[in-house]
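Asker: Take this structure, written in structure tokens, and hold onto it; I'll ask about it next.
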Amino acid sequence: MTVILLRHGRSTSNTAGTLAGRSEGVELDDLGRQQADRVVTRLEGLTIGAIVRSPLLRCEQTVAPLAAALGLEPVVEDRLLEVDYGDWTGKPIKDLLGEPLWKVVQQHPSAAVFPSGEGLADVQTRAVRAIRDHDARLAAENGADVVWVACSHGDVIKSILADALGSHLDQFQRIVVDPASISIVRYTETRPFVHRVGDLGGDLSQFVPKPPSDDDKTDADKTEASESDAVPGGSTGR
């Protein structure tokens, strides 16, 4: 199962330099709407089995063109909601730089708990569980590999990627996930494989499902090895 982690397009809060969090009324700006339209083109040729999104407006607007093009009804998933930044919500980023917690968020995020909000470790737990639950659901419903889209927020996606990379949450600030970027994780029986991180324009044709070959039909062990095992020396591509 392959999930395309899509960060929402650029928002009015991004351009204002504020920490949007769960503030009401934060929507895509003009560039963000253009980015949402381009998602349709970027994913053209892929068979998308489902769209799952955060409840917030900026994610709703980001997936709307894709959902319309594919005729899919997005599933709203509360566990992909933006971090509850508590008292930091809505404040200019520049005003938060001097807060004692800022250094913790940068250097020891697993210990960071926002005042009157939630901790980043809790964010990772809920977000990873959501991705794995939907992945398992789609696998059970389809009985085959499915490529699906999950639209969420920067810190949420970074926490999911840190888990997929087998990296401690304290390293997640090393991951860059820009607005409208795509990160791709394939979950197998034994481990996740991270194919893209913060991609803003690369070719995604490798994720078009291959038709089954005669070898696939007659050698189940070989098929399993190709999907769940890493190739010594590196992937040979598709």
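Chain labels follow the order of the structure tokens: the first chain is A, the next B, and so on; residue numbering restarts at 1 in every chain, and ligands are counted from 1 in their shown order.
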Report as a Markdown table: every residue of segment 103-181 of chain A with an atom at most 10 Å from segment 191-196 of chain A, its closest pair of atoms, and their distance in Å to one decimal, counting only C-alpha atoms, with rows sorted by chain and ascending residue number.
Answerer:
```
| residue | atom | partner | partner_atom | distance |
| --- | --- | --- | --- | --- |
| A:Leu161 | CA | A:Val194 | CA | 7.7 |
| A:Ala162 | CA | A:Val194 | CA | 9.9 |
| A:Asp163 | CA | A:Pro192 | CA | 9.0 |
| A:Ala164 | CA | A:Pro192 | CA | 5.6 |
| A:Leu165 | CA | A:Val194 | CA | 6.8 |
| A:Gly166 | CA | A:Pro192 | CA | 8.9 |
| A:Ser181 | CA | A:Arg196 | CA | 9.7 |
```
Asker: Write the residues of the selection above to a file with N, CA and C atoms, as a PDB file, in the first residue's frame.
Answerer:
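Wrote out-v1.pdb, looks like this:
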```pdb
ATOM      1  N   LEU A 161       6.707  10.906   8.568  1.00  0.00           N
ATOM      2  CA  LEU A 161       7.913  10.552   7.835  1.00  0.00           C
ATOM      3  C   LEU A 161       9.026  10.107   8.779  1.00  0.00           C
ATOM      4  N   ALA A 162       9.159  10.764   9.920  1.00  0.00           N
ATOM      5  CA  ALA A 162      10.176  10.354  10.885  1.00  0.00           C
ATOM      6  C   ALA A 162       9.946   8.911  11.318  1.00  0.00           C
ATOM      7  N   ASP A 163       8.687   8.565  11.561  1.00  0.00           N
ATOM      8  CA  ASP A 163       8.366   7.181  11.929  1.00  0.00           C
ATOM      9  C   ASP A 163       8.711   6.226  10.793  1.00  0.00           C
ATOM     10  N   ALA A 164       8.342   6.589   9.572  1.00  0.00           N
ATOM     11  CA  ALA A 164       8.606   5.713   8.424  1.00  0.00           C
ATOM     12  C   ALA A 164      10.097   5.533   8.180  1.00  0.00           C
ATOM     13  N   LEU A 165      10.878   6.557   8.477  1.00  0.00           N
ATOM     14  CA  LEU A 165      12.325   6.495   8.303  1.00  0.00           C
ATOM     15  C   LEU A 165      13.020   5.769   9.453  1.00  0.00           C
ATOM     16  N   GLY A 166      12.263   5.415  10.486  1.00  0.00           N
ATOM     17  CA  GLY A 166      12.867   4.784  11.657  1.00  0.00           C
ATOM     18  C   GLY A 166      13.705   5.757  12.455  1.00  0.00           C
ATOM     19  N   SER A 181       3.814  20.201  -1.170  1.00  0.00           N
ATOM     20  CA  SER A 181       4.794  19.158  -1.486  1.00  0.00           C
ATOM     21  C   SER A 181       4.182  17.776  -1.289  1.00  0.00           C
TER      22      SER A 181
END
```
Asker: Would you mind listing what lies within 9 Å of Asp199 of chain A as a PyMOL selection string, with only C-alpha atoms counted and same-chain residues fewer than 2 positions away left out?
Answerer: chain A and resi 177-178+180-184+196-197+201-202
Asker: So how far away is atom CA of Leu28 of chain A from atom CA of Trp148 of chain A, in Å?
Answerer: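 Between these atoms lies a distance of 22.4 Å.
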Asker: Point out the residue among A:Ser13, A:Phe172, A:Val52, A:Ala68 with the least atom-to-atom distance to Leu138 of chain A, counting only C-alpha atoms.
Answerer: A:Val52
Asker: What's the 8 Å shell around Val3 of chain A, counting only C-alpha atoms, without same-chain residues fewer than 3 positions away, as a list in words?
Answerer: Asp135, Val147, Trp148, Val149, Ala150, Ile184, Val185 and Arg186 of chain A
Asker: Would you mind telling me which residue in A:Phe207, A:Tyr187, A:Trp88, A:Trp102 lies nearest to Ile131 of chain A when using only C-alpha atoms?
Answerer: A:Tyr187
Asker: Hey, what's within 12 Å of Leu96 of chain A if we count only C-alpha atoms and toss same-chain stuff fewer than 3 positions away? As a list in words, please?
Answerer: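 What passes the distance filter is Gly17, Thr18, Leu19, Tyr85, Asp87, Trp88, Thr89, Gly90, Lys91, Pro92, Ile93, Glu99, Pro100, Leu101, Trp102, Lys103, Val105 and Phe114 of chain A.
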Asker: Quick check, in Å to one decimal: how far apart do atom CA of Pro55 of chain A and atom CA of Arg174 of chain A lie?
Answerer: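 Here the two named atoms are 26.5 Å from each other.
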Asker: Ser110 of chain A: which residues within 8 Å, counting only C-alpha atoms, same-chain residues fewer than 4 positions away excluded, as a CSV table (one decimal) with N, CA and C atoms, in the first residue's frame?
Answerer:
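File selection-v5.csv, as written:
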```csv
chain,number,residue,atom,x,y,z
A,105,VAL,N,11.4,22.8,21.1
A,105,VAL,CA,10.7,22.4,19.8
A,105,VAL,C,11.8,22.1,18.7
A,119,GLY,N,1.3,17.8,22.9
A,119,GLY,CA,2.7,17.5,22.7
A,119,GLY,C,2.9,16.9,21.3
A,120,LEU,N,4.1,17.2,20.8
A,120,LEU,CA,4.5,16.7,19.5
A,120,LEU,C,4.5,15.1,19.5
A,121,ALA,N,4.9,14.5,20.6
A,121,ALA,CA,4.9,13.1,20.6
A,121,ALA,C,3.5,12.5,20.5
A,169,LEU,N,11.8,11.0,16.9
A,169,LEU,CA,11.1,12.3,16.7
A,169,LEU,C,12.0,13.5,16.9
A,170,ASP,N,13.0,13.4,17.7
A,170,ASP,CA,13.9,14.5,17.9
A,170,ASP,C,14.7,14.9,16.7
```
Asker: What parts of segment 29-229 of chain A does DSSP call helix (DSSP H, G or I)? I'd like the answer as a ChimeraX atom specification.
Answerer: /A:30-42,57-70,78-80,86-88,93-96,100-107,109-111,120-142,154-164,169-174,205-207,214-218,220-228
